[in-house]
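Participant: The structure that follows is given in the form of structure tokens.
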2 protein chains.
Amino acid sequence: MTIRIVGSAVTKFGELWGVSPRSLAGEVFSGALKDSGLEKKEIEAVFVGNMLSGILAGQEHLGSFFAEEMGIANVPAFHIEAACASGGLAMHMAVNAVLSGRYKTVVVLGIEKMTDYKPEIVSTALMAAGSDEERSVGITFPGLYAIMAREYIRKYGISEKELASVTVKNHYHASLNPKAQFQNTLTLETVIKSPLVSDPLRLLECSPVSDGAAAVIVSSLSSKRGIEVLASEVATDSLGLAQRSSLTEMKATQISSGRAFEAAGLKPKDIDVAEVHDCFSIAEILALEDLGFFEKGKAGSAILKGDLTLGSSKHLVVNTSGGLKGAGHPVGATGVKQIVEIVDQLRGRAEKRQVHGAKIGLTQNVGGSGATAVVHIFKKND
Amino acid sequence: MTIRIVGSAVTKFGELWGVSPRSLAGEVFSGALKDSGLEKKEIEAVFVGNMLSGILAGQEHLGSFFAEEMGIANVPAFHIEAACASGGLAMHMAVNAVLSGRYKTVVVLGIEKMTDYKPEIVSTALMAAGSDEERSVGITFPGLYAIMAREYIRKYGISEKELASVTVKNHYHASLNPKAQFQNTLTLETVIKSPLVSDPLRLLECSPVSDGAAAVIVSSLSSKRGIEVLASEVATDSLGLAQRSSLTEMKATQISSGRAFEAAGLKPKDIDVAEVHDCFSIAEILALEDLGFFEKGKAGSAILKGDLTLGSSKHLVVNTSGGLKGAGHPVGATGVKQIVEIVDQLRGRAEKRQVHGAKIGLTQNVGGSGATAVVHIFKKND
């Protein structure tokens with residue numbers, strides 16, 4: 001059975017104080033539906049990826065909540081949570097459900113509303129993705145990723161500039177994406193002079209707190225517009241860093257991407273465009289290596305050289321959306337937004353961000369400090 | 001493809017103040033695994049149903065959390081939330097995933113820890129399953145179900161005794177179930193003299209706040225011990241009561257059970273034993289009618305006559321576990337516990353609660369005031 005994405009849409013990401021979760025969901029559902037050319041009644045189930053609505057807004061039961069909002073009450077509807085990988089996991093569940101033969105066409109919604117709450121409330125809420133011991137010592141995600149960055153620097157001697165170049169690349173891409181939270185480019189110097197949040201990670205190496213939503217329509221019906229889902233794979237790891245054998249590898253990414261490449265019958269060199277989980281600068285470097293694009297210790301210099309930037313003569317372009325750093329990181333929406341970006345690239349409608357001739361795309365979405373990873377591989381219709 | 005439950009286990013339900021969620025999960029996973037005769041390494045994915053851990057304990061990311069606890073880190077792991085239907089929905093997602101051919105054998109864990117928190121915190125948290133307007137006026141679930149009960153009484157003239165007989169039946173069954181939260185029988189008089197919580201519902205017609213966990217192992221491998229999953233169906237409805245066309249029907253139950261009977265090629269009269277969602281006395285009455293066991297207005301008198309009680313000469317026995325009222329209602333665990341009870345009945349190991357000759361069983365698990373319903377039908381191995 002061939003599974004395709006037949007419609008997709010994303011809202012503007014940012015501090016959307018005047019907009020409710022309902023209207024964000026309504027906007028992307030209408031957009032994706034219109035894009036698909038399907039009618040509402042053809043949508044047979046709803047898969048919602050969201051992390052924080054229960055903790056921040058006291059609203060759970062989000063499957064029924066958003067199905068009602070979409071005007072398709074009574075269909076089966078599901079809320080899937082895996083921290084910042086909630087969106088990617090919702091997509092995976094949707095793919096499984098269509099593969100099972102139970103549904104032909106379903107919608108995946110990734111959504112998060114974070115900026116209506118005080119930053120300290122949000123950072124505490126995000127620690128719901130961490131381990132007991134991490135919470136009990138009071139560490140938050142910048143600290144956890146800083147531990148990984150420190151160890152990476154010790155092992156591979158990466159420079160400040162290499163780390164900072166992740167932000168420079170992703171902000172450049174964001175400046176070409178009207179839906180991105182940030183529209184400004186940044187220089188290496190500005191990033192390196194920004195305040196330390198958790199040594200060695202600086203403010204401009206941390207993804208922001210954001211609001212936003214994204215939706216894709218997944219179908220087993222044939223469609224000329226459809227983008228084929230070649231692989232959808234998930235793996236997990238211990239919640240806490242202390243329980244892992246390595247601080248410079250994300251085993252969940254390695255396992256899920258290994259399985260994804262096998263399922264797709266492809267190798268890393270076959271990927272033209274990828275959206276990876278750059279919640280912090282170090283995270284993109286780890287991701288690119290764990291996905292098999294680079295050997296350990298080598299991704300940073302490639303990014304600094306501009307090899308992964310739009311317009312490079314090299315093959316792979318990474319985070320054309322602006323990534324989590326440039327486009328914003330509404331946590332439950334991110335995994336679905338990554339897919340929307342790849343769909344736009346493979347359909348040749350990414351406008352100023354278009355990677356010319358892109359045929360194969362990949363997304364990698366991470367929960368917590370690597371306890372969940374979801375990898376998808378997509379192919380342009382022939 | 002035939003999907004079977006090849007192992008199952010449930011903890012004691014109750015106020016388990018000395019036990020952590022980790023140990024509850026560990027207990028049922030070991031129990032279900034032992035029951036299945038399988039080895040840990042054969043479990044390919046984890047599906048967790050839980051509603052309140054994020055809001056009450058600040059812990060989300062429960063797929064990875066419990067996979068690690070089970071000692072099967074790195075497998076795909078998922079957290080599914082749909083209020084009090086979280087457990088049933090996790091089972092449905094697991095069935096889809098096995099049907100998709102992606103996994104052969106997976107574990108479903110339903111779990112909730114509620115009694116460590118103040119009752120007013122828990123009842124506020126539970127309203128995360130309700131609609132905006134319901135929360136804004138301050139109504140809680142006893143009030144919502146009381147509205148349904150009032151309208152039901154107006155329409156069908158049910159007596160106090162009929163309503164109260166749900167509790168009497170379910171406490172009698174609970175008294176035969178060592179895992180039930182309550183081990184005492186109750187008379188009609190005691191129930192009717194208990195304080196009104198929300199007119200017409202009395203204290204002893206409301207399910208308790210509970211801790212507990214349940215697990216089942218779902219597999220496409222053939223097994224002589226396996227109980228066949230004939231149907232797994234879900235439907236939704238508006239979150240709020242005000243948006244529904246009827247207060248005395250749960251459309252989500254009607255739709256999901258209609259599809260389930262169709263998928264199984266069975267009719268309500270074929271069911272020997274059922275676990276239905278009696279969060280309040282009225283809820284069991286609505287369920288029995290919406291499932292097609294009785295015409296509207298008729299279930300209460302059948303319960304009062306004892307037709308659905310163990311030992312009755314009639315065909316169908318309902319809530320042999322004690323139901324939510326007698327056995328307890330740790331919300332995310334309930335949907336899975338219902339399945340464990342049916343498995344025990346169909347495997348002939350329900351001891352004092354055994355329905356002799358039970359061959360076909362059904363479970364109905366509801367989220368909120370009916371915004372999600374999940375219906376499963378199971379068959380004894382020939």
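By convention in this document, the chains of the structure tokens carry letters A, B, ... by their order, each chain's residues are numbered from 1, and ligands are numbered from 1 in the order they are shown.
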So that I can check the secondary structure, give me every residue of segment 143-347 of chain B assigned strand (DSSP E) by backbone DSSP, as a ChimeraX atom specification.
Facilitator: /B:196-198,201-202,211-219,227-236,273-275,317-318
Participant: Find the residues in chain A near chain B: any atom within 7 Å counts, using only C-alpha atoms. Write them as a PyMOL selection string.
Facilitator: chain A and resi 54-55+58-61+63-65+68+73-83+96-97+99-100+125+128-129+234-239+252+371-372
Participant: At a cut-off of 9 Å, using only C-alpha atoms, what residues contact Ser219 of chain A? Leave out same-chain residues fewer than 6 positions from it and give the result as an NGL selection string.
Facilitator: :A and (2-6 or 95 or 98 or 103-107 or 226)
Participant: Please, could you write that set of residues out with all heavy atoms as an mmCIF file, in the first residue's frame?
Facilitator:
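Written out: out02.cif:
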data_model
loop_
_atom_site.group_PDB
_atom_site.id
_atom_site.type_symbol
_atom_site.label_atom_id
_atom_site.label_comp_id
_atom_site.auth_asym_id
_atom_site.auth_seq_id
_atom_site.Cartn_x
_atom_site.Cartn_y
_atom_site.Cartn_z
ATOM 1 N N THR A 2 0.555 2.188 -0.861
ATOM 2 C CA THR A 2 1.303 3.449 -0.895
ATOM 3 C C THR A 2 0.555 4.506 -0.089
ATOM 4 O O THR A 2 -0.631 4.727 -0.285
ATOM 5 C CB THR A 2 1.463 3.928 -2.351
ATOM 6 O OG1 THR A 2 2.102 2.890 -3.082
ATOM 7 C CG2 THR A 2 2.298 5.188 -2.417
ATOM 8 N N ILE A 3 1.273 5.124 0.832
ATOM 9 C CA ILE A 3 0.678 6.175 1.667
ATOM 10 C C ILE A 3 1.217 7.511 1.169
ATOM 11 O O ILE A 3 2.420 7.662 0.944
ATOM 12 C CB ILE A 3 1.090 5.998 3.145
ATOM 13 C CG1 ILE A 3 0.866 4.565 3.624
ATOM 14 C CG2 ILE A 3 0.378 7.016 4.026
ATOM 15 C CD1 ILE A 3 -0.521 4.217 3.985
ATOM 16 N N ARG A 4 0.318 8.457 1.011
ATOM 17 C CA ARG A 4 0.740 9.763 0.498
ATOM 18 C C ARG A 4 0.214 10.896 1.367
ATOM 19 O O ARG A 4 -0.837 10.778 1.987
ATOM 20 C CB ARG A 4 0.194 9.972 -0.915
ATOM 21 C CG ARG A 4 0.802 9.072 -1.954
ATOM 22 C CD ARG A 4 0.279 9.431 -3.348
ATOM 23 N NE ARG A 4 0.843 8.527 -4.343
ATOM 24 C CZ ARG A 4 0.345 7.333 -4.644
ATOM 25 N NH1 ARG A 4 -0.737 6.891 -4.037
ATOM 26 N NH2 ARG A 4 0.932 6.560 -5.544
ATOM 27 N N ILE A 5 0.947 11.988 1.332
ATOM 28 C CA ILE A 5 0.427 13.240 1.889
ATOM 29 C C ILE A 5 -0.209 13.983 0.733
ATOM 30 O O ILE A 5 0.452 14.297 -0.260
ATOM 31 C CB ILE A 5 1.545 14.071 2.521
ATOM 32 C CG1 ILE A 5 2.124 13.290 3.704
ATOM 33 C CG2 ILE A 5 1.008 15.422 2.983
ATOM 34 C CD1 ILE A 5 3.209 14.015 4.417
ATOM 35 N N VAL A 6 -1.512 14.231 0.867
ATOM 36 C CA VAL A 6 -2.241 14.818 -0.256
ATOM 37 C C VAL A 6 -2.647 16.270 0.007
ATOM 38 O O VAL A 6 -3.235 16.911 -0.866
ATOM 39 C CB VAL A 6 -3.476 13.967 -0.627
ATOM 40 C CG1 VAL A 6 -3.040 12.556 -1.042
ATOM 41 C CG2 VAL A 6 -4.463 13.885 0.533
ATOM 42 N N VAL A 95 -0.054 7.118 9.937
ATOM 43 C CA VAL A 95 0.442 6.221 8.885
ATOM 44 C C VAL A 95 0.090 4.773 9.229
ATOM 45 O O VAL A 95 -0.417 4.020 8.383
ATOM 46 C CB VAL A 95 1.975 6.399 8.688
ATOM 47 C CG1 VAL A 95 2.545 5.309 7.789
ATOM 48 C CG2 VAL A 95 2.275 7.781 8.111
ATOM 49 N N VAL A 98 -3.640 4.125 8.617
ATOM 50 C CA VAL A 98 -3.986 3.981 7.197
ATOM 51 C C VAL A 98 -3.432 2.661 6.664
ATOM 52 O O VAL A 98 -4.121 1.926 5.947
ATOM 53 C CB VAL A 98 -3.495 5.198 6.371
ATOM 54 C CG1 VAL A 98 -3.773 4.985 4.887
ATOM 55 C CG2 VAL A 98 -4.186 6.478 6.851
ATOM 56 N N TYR A 103 -8.585 3.069 7.727
ATOM 57 C CA TYR A 103 -8.973 4.372 7.164
ATOM 58 C C TYR A 103 -8.277 4.574 5.829
ATOM 59 O O TYR A 103 -7.161 4.107 5.642
ATOM 60 C CB TYR A 103 -8.559 5.520 8.092
ATOM 61 C CG TYR A 103 -8.951 5.317 9.533
ATOM 62 C CD1 TYR A 103 -7.985 5.129 10.512
ATOM 63 C CD2 TYR A 103 -10.289 5.283 9.901
ATOM 64 C CE1 TYR A 103 -8.345 4.915 11.843
ATOM 65 C CE2 TYR A 103 -10.658 5.072 11.229
ATOM 66 C CZ TYR A 103 -9.678 4.887 12.187
ATOM 67 O OH TYR A 103 -10.025 4.678 13.490
ATOM 68 N N LYS A 104 -8.930 5.319 4.945
ATOM 69 C CA LYS A 104 -8.277 5.684 3.688
ATOM 70 C C LYS A 104 -7.610 7.049 3.818
ATOM 71 O O LYS A 104 -6.524 7.260 3.322
ATOM 72 C CB LYS A 104 -9.295 5.699 2.555
ATOM 73 C CG LYS A 104 -9.755 4.308 2.162
ATOM 74 C CD LYS A 104 -10.467 4.335 0.805
ATOM 75 C CE LYS A 104 -10.843 2.925 0.390
ATOM 76 N NZ LYS A 104 -11.775 2.287 1.367
ATOM 77 N N THR A 105 -8.295 7.967 4.493
ATOM 78 C CA THR A 105 -7.803 9.345 4.534
ATOM 79 C C THR A 105 -8.001 9.928 5.928
ATOM 80 O O THR A 105 -9.121 9.899 6.462
ATOM 81 C CB THR A 105 -8.561 10.204 3.495
ATOM 82 O OG1 THR A 105 -8.397 9.598 2.215
ATOM 83 C CG2 THR A 105 -8.013 11.623 3.455
ATOM 84 N N VAL A 106 -6.925 10.445 6.493
ATOM 85 C CA VAL A 106 -6.990 11.003 7.853
ATOM 86 C C VAL A 106 -6.222 12.322 7.896
ATOM 87 O O VAL A 106 -5.430 12.622 7.000
ATOM 88 C CB VAL A 106 -6.394 10.022 8.892
ATOM 89 C CG1 VAL A 106 -7.051 8.654 8.793
ATOM 90 C CG2 VAL A 106 -4.880 9.894 8.729
ATOM 91 N N VAL A 107 -6.486 13.106 8.926
ATOM 92 C CA VAL A 107 -5.736 14.352 9.085
ATOM 93 C C VAL A 107 -4.853 14.276 10.329
ATOM 94 O O VAL A 107 -5.249 13.697 11.345
ATOM 95 C CB VAL A 107 -6.693 15.579 9.146
ATOM 96 C CG1 VAL A 107 -7.608 15.545 10.349
ATOM 97 C CG2 VAL A 107 -5.897 16.888 9.139
ATOM 98 N N GLY A 226 0.076 13.908 -4.631
ATOM 99 C CA GLY A 226 0.547 13.331 -3.377
ATOM 100 C C GLY A 226 2.054 13.184 -3.294
ATOM 101 O O GLY A 226 2.727 12.953 -4.293
#
Participant: For segment 354-366 of chain A, find every residue with an atom within 7 Å (counting only C-alpha atoms), except residues of its own chain fewer than 2 positions away, and show them as a CSV table (one decimal) with N, CA, C and O atoms, in the first residue's frame.
Facilitator:
chain,number,residue,atom,x,y,z
A,84,CYS,N,8.3,17.0,22.6
A,84,CYS,CA,8.5,17.8,21.4
A,84,CYS,C,8.4,16.9,20.2
A,84,CYS,O,8.5,17.4,19.0
A,85,ALA,N,8.3,15.6,20.3
A,85,ALA,CA,8.1,14.7,19.2
A,85,ALA,C,6.6,14.4,19.0
A,85,ALA,O,6.2,13.5,18.2
A,88,GLY,N,5.4,14.5,15.3
A,88,GLY,CA,6.0,13.4,14.4
A,88,GLY,C,5.3,12.1,14.8
A,88,GLY,O,5.1,11.3,13.9
A,270,ASP,N,21.1,9.9,-0.5
A,270,ASP,CA,20.0,10.1,-1.4
A,270,ASP,C,19.1,11.2,-1.0
A,270,ASP,O,18.2,11.6,-1.8
A,271,ILE,N,19.3,11.8,0.2
A,271,ILE,CA,18.3,12.8,0.7
A,271,ILE,C,18.8,14.2,0.1
A,271,ILE,O,19.9,14.6,0.2
A,272,ASP,N,17.8,14.9,-0.5
A,272,ASP,CA,18.0,16.2,-1.1
A,272,ASP,C,17.8,17.3,-0.1
A,272,ASP,O,18.5,18.4,-0.1
A,273,VAL,N,16.8,17.1,0.8
A,273,VAL,CA,16.4,18.2,1.7
A,273,VAL,C,15.9,17.5,3.0
A,273,VAL,O,15.2,16.5,3.0
A,274,ALA,N,16.3,18.1,4.1
A,274,ALA,CA,16.0,17.5,5.4
A,274,ALA,C,15.6,18.6,6.4
A,274,ALA,O,16.1,19.7,6.4
A,275,GLU,N,14.6,18.3,7.2
A,275,GLU,CA,14.3,19.1,8.4
A,275,GLU,C,14.6,18.3,9.6
A,275,GLU,O,14.1,17.2,9.8
A,276,VAL,N,15.6,18.9,10.4
A,276,VAL,CA,16.0,18.1,11.6
A,276,VAL,C,15.8,19.0,12.8
A,276,VAL,O,15.6,20.2,12.7
A,277,HIS,N,15.8,18.3,14.0
A,277,HIS,CA,15.3,18.9,15.2
A,277,HIS,C,16.4,19.8,15.9
A,277,HIS,O,17.1,19.3,16.8
A,310,LEU,N,21.0,26.8,1.7
A,310,LEU,CA,20.3,27.0,0.4
A,310,LEU,C,21.3,27.7,-0.5
A,310,LEU,O,22.0,28.7,-0.2
A,335,GLY,N,6.9,18.8,14.7
A,335,GLY,CA,7.0,17.5,13.9
A,335,GLY,C,6.2,17.6,12.6
A,335,GLY,O,6.6,17.0,11.6
A,338,GLN,N,7.6,20.3,10.1
A,338,GLN,CA,8.8,19.8,9.3
A,338,GLN,C,8.3,19.1,8.1
A,338,GLN,O,8.8,19.2,7.0
A,339,ILE,N,7.2,18.3,8.3
A,339,ILE,CA,6.7,17.5,7.1
A,339,ILE,C,6.0,18.5,6.1
A,339,ILE,O,6.2,18.3,4.9
A,342,ILE,N,8.8,19.8,4.0
A,342,ILE,CA,9.3,18.9,3.0
A,342,ILE,C,8.3,18.7,1.9
A,342,ILE,O,8.7,18.6,0.7
A,345,GLN,N,8.7,21.5,-0.4
A,345,GLN,CA,9.9,21.4,-1.2
A,345,GLN,C,9.7,20.4,-2.3
A,345,GLN,O,10.1,20.6,-3.5
A,346,LEU,N,9.1,19.2,-2.0
A,346,LEU,CA,9.0,18.2,-3.0
A,346,LEU,C,7.9,18.5,-4.1
A,346,LEU,O,8.0,18.0,-5.2
A,348,GLY,N,7.7,21.5,-5.1
A,348,GLY,CA,8.3,22.6,-5.9
A,348,GLY,C,7.6,24.0,-5.6
A,348,GLY,O,7.6,24.8,-6.5
A,349,ARG,N,7.0,24.1,-4.4
A,349,ARG,CA,6.3,25.3,-4.1
A,349,ARG,C,6.9,26.0,-2.9
A,349,ARG,O,6.1,26.7,-2.2
A,350,ALA,N,8.2,25.9,-2.7
A,350,ALA,CA,8.8,26.5,-1.5
A,350,ALA,C,9.3,27.9,-1.8
A,350,ALA,O,10.0,28.5,-0.9
A,351,GLU,N,8.9,28.4,-2.9
A,351,GLU,CA,9.3,29.8,-3.3
A,351,GLU,C,10.7,30.1,-3.1
A,351,GLU,O,11.6,29.4,-3.6
A,352,LYS,N,11.0,31.1,-2.3
A,352,LYS,CA,12.4,31.6,-2.2
A,352,LYS,C,13.3,30.6,-1.5
A,352,LYS,O,14.5,30.7,-1.5
A,368,GLY,N,12.1,15.5,24.1
A,368,GLY,CA,13.0,15.6,25.3
A,368,GLY,C,14.4,15.8,24.9
A,368,GLY,O,14.7,16.5,23.9
A,370,GLY,N,16.2,13.4,23.7
A,370,GLY,CA,16.5,12.3,22.8
A,370,GLY,C,15.8,11.0,23.2
A,370,GLY,O,16.1,10.0,22.7
A,372,THR,N,12.7,10.2,22.6
A,372,THR,CA,11.9,9.8,21.4
A,372,THR,C,12.5,10.4,20.2
A,372,THR,O,12.9,11.6,20.2
A,373,ALA,N,12.6,9.6,19.1
A,373,ALA,CA,12.9,10.2,17.8
A,373,ALA,C,12.0,9.6,16.8
A,373,ALA,O,11.8,8.4,16.8
A,374,VAL,N,11.6,10.4,15.9
A,374,VAL,CA,10.7,9.9,14.8
A,374,VAL,C,11.4,10.4,13.5
A,374,VAL,O,11.7,11.6,13.3
A,375,VAL,N,11.6,9.5,12.5
A,375,VAL,CA,12.1,9.8,11.2
A,375,VAL,C,11.2,9.4,10.1
A,375,VAL,O,10.7,8.3,10.1
A,376,HIS,N,10.9,10.4,9.2
A,376,HIS,CA,10.1,10.1,8.1
A,376,HIS,C,10.9,10.4,6.8
A,376,HIS,O,11.8,11.3,6.8
A,377,ILE,N,10.7,9.6,5.8
A,377,ILE,CA,11.3,9.8,4.5
A,377,ILE,C,10.2,9.9,3.4
A,377,ILE,O,9.3,9.1,3.4
A,378,PHE,N,10.3,11.0,2.6
A,378,PHE,CA,9.3,11.3,1.6
A,378,PHE,C,9.9,11.3,0.2
A,378,PHE,O,11.0,11.7,0.0
A,379,LYS,N,9.0,11.0,-0.8
A,379,LYS,CA,9.4,11.0,-2.2
A,379,LYS,C,8.5,11.8,-3.0
A,379,LYS,O,7.2,11.6,-2.9
A,380,LYS,N,9.0,12.6,-3.9
A,380,LYS,CA,8.2,13.3,-4.9
A,380,LYS,C,7.5,12.3,-5.8
A,380,LYS,O,8.1,11.3,-6.2
Participant: Enumerate, as a list of chain:residue names, the complete set of residues in segment 290-347 of chain A that a backbone-based DSSP assignment places in helix (DSSP H, G or I).
Facilitator: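 Going through segment 290-347 of chain A, the helix (DSSP H, G or I) residues come out as A:Asp290, A:Ala299, A:Gly300, A:Ser301, A:Ala302, A:Ile303, A:Leu304, A:Lys305, A:Gly323, A:Leu324, A:Lys325, A:Gly326, A:Ala327, A:Val331, A:Gly332, A:Ala333, A:Thr334, A:Gly335, A:Val336, A:Lys337, A:Gln338, A:Ile339, A:Val340, A:Glu341, A:Ile342, A:Val343, A:Asp344, A:Gln345, A:Leu346.
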Participant: Just to confirm, what's the straight-line distance from atom CA of Asp307 of chain A to atom CA of Thr187 of chain A in Å (one decimal)?
Facilitator: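 Computed distance, atom CA of Asp307 of chain A to atom CA of Thr187 of chain A, equals 16.6 Å.
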Participant: Please produce, as CSV, a per-residue contact table for segment 202-313 of chain B versus segment 155-164 of chain B (criterion: any atom at most 10 Å away, only C-alpha atoms considered), showing the nearest atom pair and its distance in Å to one decimal, sorted by chain then residue number.
Facilitator:
residue,atom,partner,partner_atom,distance
B:Arg202,CA,B:Ala164,CA,8.5
B:Leu204,CA,B:Ala164,CA,8.1
B:Glu205,CA,B:Ala164,CA,6.6
B:Thr248,CA,B:Lys155,CA,8.6
B:Phe280,CA,B:Leu163,CA,9.4
B:Ser281,CA,B:Leu163,CA,5.9
B:Ile282,CA,B:Leu163,CA,6.4
B:Ala283,CA,B:Leu163,CA,9.8
B:Glu284,CA,B:Leu163,CA,9.3
B:Ile285,CA,B:Leu163,CA,8.0
B:Lys296,CA,B:Tyr156,CA,7.9
B:Gly297,CA,B:Tyr156,CA,5.2
B:Lys298,CA,B:Tyr156,CA,8.5
B:Ala299,CA,B:Glu162,CA,8.7
B:Gly300,CA,B:Glu162,CA,4.8
B:Ser301,CA,B:Glu162,CA,5.8
B:Ala302,CA,B:Glu162,CA,8.4
B:Ile303,CA,B:Glu162,CA,7.0
B:Leu304,CA,B:Glu162,CA,5.3
B:Lys305,CA,B:Glu162,CA,8.8
Participant: Using only C-alpha atoms, which of the listed residues (B:Met114, B:Val209, B:Leu176, B:Ile192) sits closest to Gly328 of chain B?
Facilitator: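 Closest residue, counting only C-alpha atoms: B:Val209.
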Participant: Could you jot down the atom CA of Gly7 of chain A to atom CA of Glu27 of chain A separation for me, Å, one decimal place?
Facilitator: 13.2 Å
